[in-house]
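K.L.:
Provided below: run.txt, containing compact mmCIF, C-alpha atoms.
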```txt
# COMPACT_ATOMS: atom_id res chain seq x y z
CA MET C 637 104.36 65.56 106.60
CA ASN C 638 107.18 65.99 109.08
CA LEU C 639 110.69 66.65 107.80
CA VAL C 640 113.96 66.53 109.66
CA PHE C 641 117.40 67.79 108.64
CA ARG C 642 120.75 67.59 110.35
CA GLY C 643 123.85 69.76 110.36
CA LYS C 644 122.77 72.62 108.08
CA ARG C 645 122.78 76.34 108.72
CA ILE C 646 122.08 79.74 107.22
CA GLU C 647 125.46 81.45 106.85
CA GLY C 648 124.30 84.86 105.73
CA LEU C 649 121.65 86.72 103.80
CA LEU C 650 121.25 89.75 101.60
CA ALA C 651 118.02 91.39 100.45
CA VAL C 652 117.85 93.44 97.25
CA LEU C 653 115.05 96.03 97.04
CA PRO C 654 114.05 98.16 94.06
CA ALA C 655 114.98 101.76 94.96
CA ASN C 656 111.65 102.94 93.54
CA GLU C 657 109.30 103.52 96.48
CA ARG C 658 105.58 104.28 96.05
CA LEU C 659 103.25 105.63 98.73
CA PHE C 660 99.76 104.22 99.22
CA ILE C 661 98.24 107.69 99.60
CA ASP C 662 99.61 108.65 96.18
CA GLU C 663 98.07 105.56 94.59
CA MET C 664 94.56 105.71 96.08
CA ASP C 665 93.07 107.41 93.04
CA GLN C 666 94.02 104.41 90.90
CA PHE C 667 91.24 102.48 92.64
CA ASP C 668 87.55 102.96 91.94
CA PHE C 669 86.69 103.31 95.64
CA PRO C 670 85.79 106.27 97.87
CA ARG C 671 88.97 107.80 99.37
CA ALA C 672 87.56 107.31 102.87
CA ARG C 673 87.33 103.54 102.29
CA SER C 674 90.85 103.38 100.88
CA LEU C 675 92.12 105.24 103.96
CA LYS C 676 90.27 102.73 106.11
CA LEU C 677 91.94 99.91 104.15
CA LYS C 678 95.34 101.54 104.81
CA GLU C 679 94.61 101.77 108.52
CA VAL C 680 93.19 98.25 108.95
CA MET C 681 95.72 96.39 106.78
CA GLY C 682 98.73 98.49 107.67
CA TYR C 683 99.60 99.73 104.19
CA ASP C 684 101.93 102.67 103.80
CA ARG C 685 104.57 102.32 101.08
CA HIS C 686 105.98 99.61 98.87
CA ARG C 687 108.90 98.94 96.55
CA ILE C 688 108.04 98.41 92.90
CA VAL C 689 110.48 97.86 90.05
CA ASP C 690 110.76 100.89 87.78
CA GLY C 691 110.42 99.61 84.22
CA PRO C 692 110.99 96.12 82.81
CA VAL C 693 113.32 94.93 85.58
CA CYS C 694 113.56 91.12 85.84
CA VAL C 695 114.31 88.68 88.62
CA SER C 696 117.78 87.95 87.20
CA ASP C 697 118.60 91.69 87.30
CA LEU C 698 117.93 91.88 91.04
CA ALA C 699 119.76 88.60 91.70
CA VAL C 700 122.85 89.49 89.65
CA ALA C 701 123.11 92.87 91.42
CA GLY C 702 122.93 91.06 94.76
CA PHE C 703 125.67 88.57 93.89
CA GLU C 704 127.96 91.26 92.47
CA HIS C 705 127.53 93.15 95.75
CA LEU C 706 128.50 90.05 97.77
CA PHE C 707 131.53 89.40 95.52
CA ALA C 708 132.61 93.06 95.80
CA GLN C 709 132.20 93.02 99.58
CA GLY C 710 134.40 89.94 99.77
CA VAL C 711 131.84 87.91 101.75
CA LEU C 712 131.37 85.39 98.93
CA ASP C 713 133.72 84.11 96.23
CA ARG C 714 132.49 83.64 92.68
CA ASP C 715 133.38 79.95 92.98
CA GLY C 716 132.43 79.69 96.66
CA PHE C 717 129.19 77.76 96.08
CA ASP C 718 128.11 74.73 94.08
CA ALA C 719 124.36 75.10 93.68
CA LEU C 720 122.07 77.93 92.69
CA ILE C 721 118.40 77.56 93.61
CA LEU C 722 115.96 80.20 92.44
CA VAL C 723 112.46 80.27 93.91
CA THR C 724 110.26 82.53 91.81
CA GLN C 725 106.87 82.87 90.13
CA SER C 726 108.05 85.59 87.79
CA PRO C 727 110.90 84.02 85.80
CA ASP C 728 112.65 85.95 83.03
CA TYR C 729 111.52 83.30 80.50
CA PHE C 730 109.38 80.16 80.26
CA MET C 731 112.64 78.56 79.17
CA PRO C 732 115.52 78.39 79.98
CA ALA C 733 115.45 78.36 83.77
CA THR C 734 116.28 81.79 85.18
CA SER C 735 118.84 80.19 87.55
CA SER C 736 120.79 79.21 84.40
CA VAL C 737 120.49 82.78 83.10
CA ILE C 738 121.90 84.05 86.42
CA GLN C 739 124.75 81.51 86.31
CA GLY C 740 125.66 82.69 82.82
CA ARG C 741 125.45 86.40 83.62
CA LEU C 742 127.66 85.93 86.69
CA GLY C 743 130.20 83.81 84.79
CA LEU C 744 130.01 80.98 87.32
CA LYS C 745 131.78 77.63 86.97
CA GLN C 746 130.15 74.70 85.14
CA ASP C 747 130.25 72.48 88.24
CA MET C 748 127.04 74.11 89.36
CA PHE C 749 123.61 72.66 90.15
CA CYS C 750 121.06 75.22 88.88
CA MET C 751 117.34 74.83 89.43
CA ASP C 752 114.19 76.95 89.46
CA ILE C 753 111.32 76.23 91.84
CA ASN C 754 107.82 77.60 91.27
CA GLN C 755 106.74 78.60 94.77
CA GLY C 756 105.56 81.83 96.34
CA CYS C 757 104.77 82.72 99.92
CA ALA C 758 106.13 79.47 101.36
CA GLY C 759 109.12 79.73 99.01
CA PHE C 760 111.76 80.59 101.58
CA LEU C 761 111.07 77.35 103.44
CA ILE C 762 110.72 75.22 100.30
CA GLY C 763 114.02 76.66 99.02
CA LEU C 764 115.76 75.90 102.31
CA TYR C 765 114.56 72.27 102.22
CA GLN C 766 115.95 71.89 98.71
CA ALA C 767 119.23 73.48 99.82
CA PHE C 768 119.46 71.11 102.80
CA MET C 769 118.87 68.10 100.52
CA LEU C 770 121.52 69.21 98.02
CA LEU C 771 124.01 69.62 100.87
CA GLU C 772 123.79 65.85 101.46
CA GLN C 773 126.05 65.60 98.39
CA PRO C 774 129.77 65.80 99.25
CA ALA C 775 130.41 67.80 96.05
CA ILE C 776 128.07 70.54 97.22
CA ARG C 777 129.72 72.60 99.95
CA ARG C 778 127.46 75.60 99.92
CA VAL C 779 124.15 76.51 98.26
CA ALA C 780 123.06 79.98 97.20
CA LEU C 781 119.29 80.20 97.61
CA ILE C 782 117.65 83.05 95.72
CA ASN C 783 114.10 84.10 96.46
CA ALA C 784 112.95 86.73 93.99
CA ASP C 785 109.76 88.07 92.49
CA VAL C 786 108.69 91.09 90.45
CA MET C 787 104.97 90.36 90.77
CA SER C 788 104.04 94.05 90.53
CA ARG C 789 104.39 93.54 86.78
CA LYS C 790 101.52 91.01 86.85
CA VAL C 791 99.19 92.86 89.22
CA SER C 792 96.69 95.35 87.83
CA MET C 793 97.34 98.83 89.22
CA HIS C 794 93.55 99.24 89.42
CA ASP C 795 93.08 96.19 91.68
CA ARG C 796 92.63 97.38 95.25
CA ASN C 797 92.65 93.75 96.44
CA SER C 798 96.25 93.13 95.47
CA TYR C 799 98.09 96.21 94.21
CA PRO C 800 98.52 98.09 97.53
CA LEU C 801 100.25 95.15 99.18
CA ILE C 802 102.44 93.86 96.36
CA GLY C 803 106.17 94.40 96.57
CA ASP C 804 109.15 93.39 94.45
CA ALA C 805 112.39 92.12 95.97
CA ALA C 806 115.08 89.46 95.91
CA SER C 807 117.13 87.78 98.59
CA ILE C 808 120.24 85.64 98.50
CA THR C 809 120.64 83.22 101.38
CA LEU C 810 123.83 81.21 101.77
CA VAL C 811 123.19 77.76 103.19
CA GLY C 812 126.00 75.52 104.34
CA ARG C 813 127.01 72.73 106.68
CA ASP C 814 126.96 73.09 110.44
CA ASP C 815 129.62 71.24 112.43
CA ASN C 816 127.35 71.23 115.49
CA ASP C 817 125.15 68.65 113.77
CA THR C 818 122.02 70.44 114.99
CA LEU C 819 118.62 68.91 114.22
CA ILE C 820 116.17 71.04 112.27
CA HIS C 821 112.51 70.03 112.49
CA ALA C 822 110.00 71.08 109.88
CA ASN C 823 106.57 70.22 108.54
CA LEU C 824 104.78 70.78 105.26
CA LYS C 825 101.32 70.41 103.74
CA MET C 826 99.95 71.17 100.30
CA ASP C 827 96.40 71.33 98.95
CA GLY C 828 96.14 71.72 95.19
CA SER C 829 92.35 71.44 95.33
CA ARG C 830 92.37 75.05 96.55
CA SER C 831 94.87 76.28 93.97
CA ASP C 832 92.45 78.85 92.50
CA ALA C 833 92.76 81.08 95.59
CA LEU C 834 95.95 82.70 94.23
CA LYS C 835 96.37 82.54 90.48
CA ILE C 836 97.42 84.17 87.23
CA PRO C 837 94.76 82.55 85.00
CA ALA C 838 96.19 83.35 81.54
CA GLY C 839 99.60 83.58 79.93
CA GLY C 840 100.65 79.94 80.25
CA TRP C 841 99.79 77.01 77.99
CA ARG C 842 96.25 76.45 79.35
CA GLU C 843 95.14 79.91 78.32
CA PRO C 844 97.78 81.68 76.22
CA SER C 845 97.97 85.44 76.45
CA SER C 846 95.83 87.16 73.80
CA ALA C 847 94.13 90.48 73.16
CA GLU C 848 91.17 89.13 75.14
CA THR C 849 93.20 87.98 78.17
CA ARG C 850 94.98 91.35 78.22
CA THR C 851 91.67 93.30 78.39
CA PRO C 852 90.75 94.43 81.91
CA HIS C 853 87.25 93.78 83.24
CA ALA C 854 85.66 95.14 86.41
CA ASP C 855 84.79 92.61 89.12
CA ALA C 856 81.69 92.95 91.36
CA GLU C 857 83.61 95.36 93.59
CA GLY C 858 84.91 97.62 90.83
CA ASN C 859 88.47 96.25 90.67
CA LEU C 860 89.79 96.29 87.10
CA ARG C 861 91.92 93.33 86.12
CA ALA C 862 92.63 91.14 83.09
CA ARG C 863 93.09 87.37 82.99
CA ASP C 864 96.82 88.01 82.51
CA ASN C 865 96.83 89.61 85.98
CA LEU C 866 97.18 88.01 89.37
CA VAL C 867 93.87 87.37 91.09
CA MET C 868 93.56 86.63 94.79
CA ASP C 869 90.57 85.51 96.85
CA GLY C 870 91.59 87.53 99.91
CA SER C 871 88.98 86.27 102.32
CA ALA C 872 89.56 82.61 101.38
CA VAL C 873 93.30 83.11 101.93
CA PHE C 874 92.63 84.76 105.29
CA ASN C 875 90.50 81.82 106.44
CA PHE C 876 93.06 79.33 105.14
CA VAL C 877 95.86 80.97 107.11
CA GLN C 878 93.89 81.36 110.35
CA THR C 879 92.67 77.76 110.16
CA GLU C 880 95.82 75.91 109.09
CA VAL C 881 98.79 77.82 110.54
CA PRO C 882 98.22 77.71 114.33
CA PRO C 883 97.79 73.90 114.49
CA MET C 884 100.79 73.49 112.18
CA ILE C 885 103.03 75.43 114.59
CA GLU C 886 101.63 73.52 117.55
CA SER C 887 102.42 70.25 115.80
CA LEU C 888 105.93 71.44 114.89
CA LEU C 889 106.81 72.30 118.48
CA ALA C 890 105.30 69.06 119.77
CA THR C 891 107.25 66.96 117.24
CA ALA C 892 110.47 68.77 118.09
CA GLY C 893 109.78 68.46 121.81
CA ALA C 894 110.28 72.21 122.07
CA ASP C 895 108.68 74.61 124.51
CA ALA C 896 106.91 77.62 122.98
CA ALA C 897 108.50 79.80 125.68
CA ALA C 898 111.96 78.92 124.31
CA VAL C 899 111.14 80.38 120.89
CA ASP C 900 112.86 83.78 120.51
CA THR C 901 111.13 84.83 117.32
CA TYR C 902 108.36 83.79 114.94
CA LEU C 903 109.34 84.79 111.42
CA PHE C 904 106.30 84.29 109.25
CA HIS C 905 105.61 85.20 105.66
CA GLN C 906 103.96 88.64 105.69
CA PRO C 907 100.90 89.13 103.43
CA ASN C 908 99.94 92.24 105.44
CA ARG C 909 100.13 93.41 109.07
CA PHE C 910 96.46 92.61 109.70
CA MET C 911 96.80 88.91 108.93
CA LEU C 912 99.96 88.50 111.00
CA GLN C 913 98.50 90.22 114.05
CA LYS C 914 95.36 88.07 113.84
CA LEU C 915 97.63 85.01 113.72
CA ALA C 916 99.64 86.23 116.70
CA ASP C 917 96.39 86.82 118.62
CA LYS C 918 95.13 83.34 117.86
CA MET C 919 98.46 81.72 118.76
CA GLN C 920 98.83 83.95 121.84
CA VAL C 921 102.25 85.08 120.70
CA PRO C 922 103.23 88.66 121.70
CA TYR C 923 103.55 91.02 118.71
CA THR C 924 107.15 91.75 119.76
CA LYS C 925 108.04 88.13 118.97
CA MET C 926 106.34 88.13 115.56
CA PRO C 927 107.49 91.00 113.33
CA SER C 928 104.73 92.24 111.00
CA ASN C 929 106.27 95.44 109.62
CA VAL C 930 107.64 94.26 106.26
CA VAL C 931 104.59 95.14 104.15
CA GLU C 932 104.24 98.70 105.46
CA HIS C 933 107.90 99.35 104.57
CA PHE C 934 108.41 97.33 101.39
CA GLY C 935 105.23 95.48 100.34
CA ASN C 936 104.63 91.73 100.16
CA SER C 937 107.37 90.18 98.03
CA SER C 938 106.16 86.56 98.55
CA GLY C 939 109.18 84.36 99.40
CA VAL C 940 111.37 87.33 100.29
CA THR C 941 109.32 88.61 103.25
CA ILE C 942 111.02 86.31 105.78
CA PRO C 943 114.60 87.31 104.83
CA LEU C 944 113.38 90.94 104.84
CA ALA C 945 111.85 90.50 108.30
CA ILE C 946 115.20 89.20 109.56
CA ALA C 947 117.26 91.99 107.95
CA LEU C 948 114.82 94.71 109.06
CA ASN C 949 114.26 93.61 112.65
CA LEU C 950 116.96 91.22 113.82
CA ARG C 951 120.13 92.19 111.96
CA GLU C 952 122.24 93.09 115.00
CA ARG C 953 121.12 90.00 116.90
CA VAL C 954 121.61 87.40 114.18
CA LEU C 955 125.09 88.77 113.47
CA ARG C 956 126.13 88.13 117.09
CA GLU C 957 123.94 85.45 118.68
CA THR C 958 121.93 82.34 117.94
CA LEU C 959 118.18 82.78 118.05
CA THR C 960 115.69 79.96 118.33
CA ALA C 961 113.41 80.77 115.42
CA VAL C 962 110.17 79.38 114.06
CA LEU C 963 109.76 80.14 110.36
CA GLY C 964 106.32 79.92 108.76
CA GLY C 965 105.30 80.16 105.11
CA PHE C 966 101.81 79.90 103.62
CA GLY C 967 100.20 80.79 100.33
CA VAL C 968 100.01 79.86 96.67
CA GLY C 969 99.51 76.17 95.94
CA LEU C 970 98.07 76.12 98.52
CA THR C 971 101.23 75.40 100.49
CA TRP C 972 101.91 75.79 104.19
CA SER C 973 105.05 74.89 106.07
CA SER C 974 106.98 75.66 109.24
CA MET C 975 110.47 75.07 110.56
CA LEU C 976 112.23 75.30 113.93
CA LEU C 977 115.89 76.20 113.59
CA PRO C 978 118.76 78.03 115.25
CA LEU C 979 119.36 81.31 113.42
CA GLY C 980 122.80 82.94 113.57
CA PRO C 981 125.44 83.96 114.07
CA MET C 982 125.49 84.99 110.40
CA ALA C 983 128.47 86.39 108.52
CA PHE C 984 126.30 89.13 107.01
CA CYS C 985 122.65 90.25 107.03
CA ASP C 986 122.08 93.27 104.82
CA MET C 987 119.69 95.12 102.53
CA ILE C 988 120.70 97.01 99.39
CA ASN C 989 118.83 99.01 96.77
CA TYR C 990 118.58 98.27 93.04
CA PRO C 991 119.92 100.07 91.20
CA GLY C 992 122.51 101.09 93.74
CA VAL C 993 123.78 104.63 94.08
CA SER C 994 126.86 104.98 91.91
CA MET Q 60 74.71 92.10 121.10
CA GLU Q 61 75.77 95.57 122.23
CA ASP Q 62 79.45 94.75 121.68
CA PHE Q 63 78.61 93.32 118.29
CA LEU Q 64 76.73 96.48 117.24
CA LYS Q 65 79.69 98.60 118.36
CA GLU Q 66 82.11 96.45 116.36
CA MET Q 67 79.84 96.66 113.31
CA ALA Q 68 79.58 100.44 113.62
CA ASP Q 69 83.37 100.62 113.64
CA ILE Q 70 83.68 98.26 110.67
CA LEU Q 71 81.08 100.25 108.69
CA ASP Q 72 82.45 103.66 109.73
CA GLU Q 73 79.11 104.71 111.26
CA GLU Q 74 78.25 106.41 114.57
CA SER Q 75 75.93 103.52 115.42
CA VAL Q 76 74.07 100.70 113.67
CA ASN Q 77 70.87 98.78 114.52
CA GLU Q 78 69.84 95.15 114.16
CA GLY Q 79 67.30 95.97 111.48
CA ASP Q 80 69.68 97.99 109.26
CA ARG Q 81 70.13 96.55 105.80
CA LEU Q 82 73.79 95.82 105.03
CA ASP Q 83 73.53 96.82 101.37
CA GLY Q 84 72.27 100.22 102.56
CA PHE Q 85 75.78 101.06 103.77
CA ALA Q 86 78.18 102.43 101.15
CA SER Q 87 80.98 100.94 103.29
CA TRP Q 88 79.64 97.34 103.01
CA ASP Q 89 82.54 96.20 100.80
CA SER Q 90 85.19 93.48 100.70
CA LEU Q 91 87.17 95.21 103.44
CA ALA Q 92 84.10 95.23 105.71
CA ILE Q 93 83.47 91.55 104.91
CA LEU Q 94 87.06 90.63 105.72
CA SER Q 95 86.75 92.55 108.99
CA VAL Q 96 83.60 90.55 109.84
CA ILE Q 97 85.44 87.30 109.01
CA ALA Q 98 88.24 88.34 111.37
CA MET Q 99 85.75 89.26 114.12
CA ALA Q 100 84.01 85.89 113.71
CA GLU Q 101 87.38 84.18 114.07
CA SER Q 102 88.59 86.09 117.12
CA HIS Q 103 85.37 86.65 119.10
CA TYR Q 104 83.16 83.74 118.02
CA HIS Q 105 85.71 81.07 117.00
CA ALA Q 106 83.74 80.68 113.81
CA THR Q 107 85.19 80.32 110.32
CA LEU Q 108 82.81 82.07 107.93
CA SER Q 109 83.23 82.31 104.18
CA ALA Q 110 82.72 85.62 102.37
CA GLN Q 111 79.92 83.92 100.42
CA LEU Q 112 78.04 83.06 103.61
CA ILE Q 113 78.45 86.60 104.93
CA ARG Q 114 77.23 88.10 101.65
CA GLY Q 115 74.06 86.03 102.16
CA ALA Q 116 73.10 88.07 105.24
CA SER Q 117 70.61 90.91 104.58
CA THR Q 118 70.63 92.81 107.86
CA VAL Q 119 73.01 93.51 110.71
CA GLY Q 120 70.84 91.20 112.84
CA ASP Q 121 71.21 88.36 110.29
CA LEU Q 122 74.95 88.72 110.55
CA HIS Q 123 74.82 88.44 114.33
CA ARG Q 124 72.77 85.23 114.08
CA LEU Q 125 75.29 83.84 111.59
CA LEU Q 126 78.26 84.56 113.86
CA SER Q 127 76.52 83.25 116.98
CA SER Q 128 75.57 80.01 115.30
CA GLY Q 129 79.28 79.53 114.60
CA ALA Q 130 78.37 78.17 111.21
CA LYS Q 131 81.31 76.55 109.45
CA GLY Q 132 81.40 77.80 105.90
CA ARG Q 133 84.00 76.85 103.37
```
Is it possible to express this structure as structure tokens?
P.N.:
Amino acid sequence: MNLVFRGKRIEGLLAVLPANERLFIDEMDQFDFPRARSLKLKEVMGYDRHRIVDGPVCVSDLAVAGFEHLFAQGVLDRDGFDALILVTQSPDYFMPATSSVIQGRLGLKQDMFCMDINQGCAGFLIGLYQAFMLLEQPAIRRVALINADVMSRKVSMHDRNSYPLIGDAASITLVGRDDNDTLIHANLKMDGSRSDALKIPAGGWREPSSAETRTPHADAEGNLRARDNLVMDGSAVFNFVQTEVPPMIESLLATAGADAAAVDTYLFHQPNRFMLQKLADKMQVPYTKMPSNVVEHFGNSSGVTIPLAIALNLRERVLRETLTAVLGGFGVGLTWSSMLLPLGPMAFCDMINYPGVS
Amino acid sequence: MEDFLKEMADILDEESVNEGDRLDGFASWDSLAILSVIAMAESHYHATLSAQLIRGASTVGDLHRLLSSGAKGR
């Protein structure tokens, strides 16, 4: 479906990364594969290092640290926003909503719309749509959108399919009204019939966690994982992305009446460098216009990879100018979505470590 | 075919490969190799092949026939 929004903008963003950094070459022996093949995997996929929480760190811990940083920096007031949206697949609890936990820990006012959304790799876009819709309410002046996941805690460290690329992170994106009344075009599709492609089979109500679901088993390739762990059908996801994303972007630009040459940057979710470069090849977009370096620096933190791509590659530009950006998200659900919007100038665009250096 | 054999040698980390070579004879015929074949099918042959379909091929030559036929496999 096509979506259209009017008069909304991203005012600033902050990414919060676990300080704990792990190198792929130090982790190769965790996998039951010849070292030469793991080195080949590193080279082909573009793996190098990733950020993983050290110990039982939760999504609310990363988010609270991010907000306290913004309050301390004076770029956001504790009562400067009226809605708190958290997009995550690794909530602190089944109940209550982790956005409520964050509200409580920050001591925010009661006139606050808190909600959790269960979305992953398309989660930055889905969160922005929800923020835009909330901003239709006069009582809501500004929305704080949090994307956060600590999925490393649900991925088996002996799973070469998923562990090398996983990353933990959070981002806080401030979304507000734009006096210029700019139109934002977007589109969105979902296909639940393919929902098995990315899944944590056990631990919910369908298959509660038990001794059996916690026991790792080897798959045909020698990856050890339990049913409590994330499982991904990598080749099915690859085909899904290569098949669905290029026509989606084409349709977005056609609907918006925009020329591809006028697009300054394509900011796509980053599963790994390999998949992004194959997408760029297929769409005939130069690599310089489509950053693909988030995973080699930080890992794939689902909904946080787009904010990270902005902070890592475009910080100086989005602080000063307005870029014509195409955002693209695709993954769990399956969900795929894209958006054409002016990006910047932002009040801030930063990355901090958790825990910070005191 | 020559280009295909060169690509396959690179994917399988071999000096060279031949049409008659059995895929399961290569220690490097793993999920990474299969994903690389899927990507090659996409970029050079405009074919979307599932991992399942590729696993059905016995020899390097079978794989070439699969890619050339542009079989759509979901």
K.L.:
Using only C-alpha atoms, what table do you get, as CSV, when you list each residue of chain C with an atom no more than 12 Å from chain Q, its nearest pair of atoms, and their distance in Å rounded to one decimal, rows by chain then rising number?
P.N.:
```
residue,atom,partner,partner_atom,distance
C:Phe669,CA,Q:Asp89,CA,9.7
C:Pro670,CA,Q:Ser87,CA,9.0
C:Arg671,CA,Q:Ser87,CA,11.2
C:Ala672,CA,Q:Ser87,CA,9.2
C:Arg673,CA,Q:Ser87,CA,6.9
C:Ser674,CA,Q:Leu91,CA,9.3
C:Leu675,CA,Q:Leu91,CA,11.2
C:Lys676,CA,Q:Leu91,CA,8.6
C:Leu677,CA,Q:Leu91,CA,6.7
C:Lys678,CA,Q:Leu91,CA,10.4
C:Glu679,CA,Q:Leu91,CA,11.1
C:Val680,CA,Q:Ser95,CA,8.6
C:Met681,CA,Q:Leu91,CA,9.3
C:Arg796,CA,Q:Ser90,CA,10.0
C:Asn797,CA,Q:Ser90,CA,8.6
C:Arg830,CA,Q:Arg133,CA,10.9
C:Asp855,CA,Q:Ser90,CA,11.6
C:Ala856,CA,Q:Ser90,CA,10.0
C:Glu857,CA,Q:Asp89,CA,7.3
C:Gly858,CA,Q:Asp89,CA,10.3
C:Asn859,CA,Q:Ser90,CA,10.9
C:Asp869,CA,Q:Ala110,CA,9.6
C:Gly870,CA,Q:Leu94,CA,8.0
C:Ser871,CA,Q:Leu94,CA,5.9
C:Ala872,CA,Q:Ser109,CA,6.9
C:Val873,CA,Q:Ser109,CA,10.3
C:Phe874,CA,Q:Leu94,CA,8.1
C:Asn875,CA,Q:Thr107,CA,6.7
C:Phe876,CA,Q:Thr107,CA,9.5
C:Val877,CA,Q:Thr107,CA,11.2
C:Gln878,CA,Q:Glu101,CA,8.0
C:Thr879,CA,Q:Thr107,CA,7.9
C:Glu880,CA,Q:Thr107,CA,11.6
C:Phe910,CA,Q:Ala98,CA,9.4
C:Met911,CA,Q:Ala98,CA,8.9
C:Leu912,CA,Q:Ala98,CA,11.7
C:Gln913,CA,Q:Ala98,CA,10.8
C:Lys914,CA,Q:Ala98,CA,7.5
C:Leu915,CA,Q:Ser102,CA,9.7
C:Ala916,CA,Q:Ser102,CA,11.1
C:Asp917,CA,Q:Ser102,CA,8.0
C:Lys918,CA,Q:Ser102,CA,7.1
C:Met919,CA,Q:Ser102,CA,10.9
C:Gln920,CA,Q:Ser102,CA,11.5
```
K.L.:
Separation of CA of Cys757 (chain C) and CA of Met664 (chain C), in Å?
P.N.:
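It comes out at 25.4 Å.
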K.L.:
For Asp668 (chain C), which residue out of C:Ala854, C:Ala838, C:Ala806, C:Ile721 is the nearest one, using all atoms listed in the file?
P.N.:
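That would be C:Ala854, the residue with the smallest distance to Asp668 (chain C).
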K.L.:
Skip His905 (chain C) itself and residues of its chain fewer than 6 positions away, then list as JSON, numbers by chain all residues within 9 Å of it, counting all atoms listed in the file.
P.N.:
{"C": [757, 758, 760, 912, 928, 936, 938, 939, 940, 941, 942, 945, 963, 964, 965, 966, 967]}
K.L.:
Identify, on the basis of all atoms listed in the file, every residue whose closest approach to region 62-68 of chain Q does not exceed 10 Å; exclude the query and any residue fewer than 5 positions from it along the same chain; express the result as JSON, numbers by chain.
P.N.:
{"Q": [73, 74, 75, 76, 77, 78, 92, 95, 96, 99, 103, 119, 120, 122, 123, 126]}
K.L.:
What separation in Å, quoted to one decimal, exists between CA of Arg687 (chain C) and CA of Asn656 (chain C)?
P.N.:
5.7 Å
K.L.:
Please compute the CA of Gly992 (chain C)-CA of Gly935 (chain C) distance, one decimal, in Å.
P.N.:
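That distance, rounded to one decimal, is 19.3 Å.
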K.L.:
Select, counting all atoms listed in the file, all protein, DNA and RNA residues no farther than 9 Å from (112.6, 86.8, 92.4) in file coordinates, and express the selection as a PyMOL selection string.
P.N.:
chain C and resi 694-696+698-699+722-727+782-787+804-807+937-940
K.L.:
So which residues touch Phe984 (chain C) within 8 Å, counting only C-alpha atoms, skipping near sequence neighbours fewer than 5 positions away, as a PyMOL selection string?
P.N.:
chain C and resi 647-650+711+955
K.L.:
For a quick check of understanding, using all atoms listed in the file, which of C:Gly702, C:Gly812, C:Gly969, C:Pro852 has the smallest distance to Ala767 (chain C)?
P.N.:
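Smallest distance to Ala767 (chain C) is found for C:Gly812.
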K.L.:
Could you check the closest approach to Leu659 (chain C) for each of C:Gly716, C:Pro837, C:Gly691, C:Pro800 and tell me which residue wins, using only C-alpha atoms?
P.N.:
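Closest residue, counting only C-alpha atoms: C:Pro800.
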K.L.:
Using all atoms listed in the file, determine which residues lie at most 10 Å from Ser117 (chain Q), disregarding the query and same-chain residues fewer than 4 positions distant; provide the list as a list in words.
P.N.:
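With the cut-off at 10 Å, the set is Gly79, Asp80, Arg81, Leu82, Asp83, Gly84, Ile113, Asp121 and Leu122 of chain Q.
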K.L.:
Save the residues we just selected, C-alpha atoms, as a PDB file, keeping the file's coordinate frame?
P.N.:
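Heads up, here's the output in result.pdb:
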```pdb
ATOM      1  CA  GLY Q  79      67.300  95.970 111.480  1.00  0.00           C
ATOM      2  CA  ASP Q  80      69.680  97.990 109.260  1.00  0.00           C
ATOM      3  CA  ARG Q  81      70.130  96.550 105.800  1.00  0.00           C
ATOM      4  CA  LEU Q  82      73.790  95.820 105.030  1.00  0.00           C
ATOM      5  CA  ASP Q  83      73.530  96.820 101.370  1.00  0.00           C
ATOM      6  CA  GLY Q  84      72.270 100.220 102.560  1.00  0.00           C
ATOM      7  CA  ILE Q 113      78.450  86.600 104.930  1.00  0.00           C
ATOM      8  CA  ASP Q 121      71.210  88.360 110.290  1.00  0.00           C
ATOM      9  CA  LEU Q 122      74.950  88.720 110.550  1.00  0.00           C
TER      10      LEU Q 122
END
```
K.L.:
So that I can see what lies close to Gly129 (chain Q), please list as a ChimeraX atom specification the residues with an atom at most 7 Å from it, counting only C-alpha atoms and leaving out residues fewer than 4 positions away in the same chain.
P.N.:
/Q:104,106,125
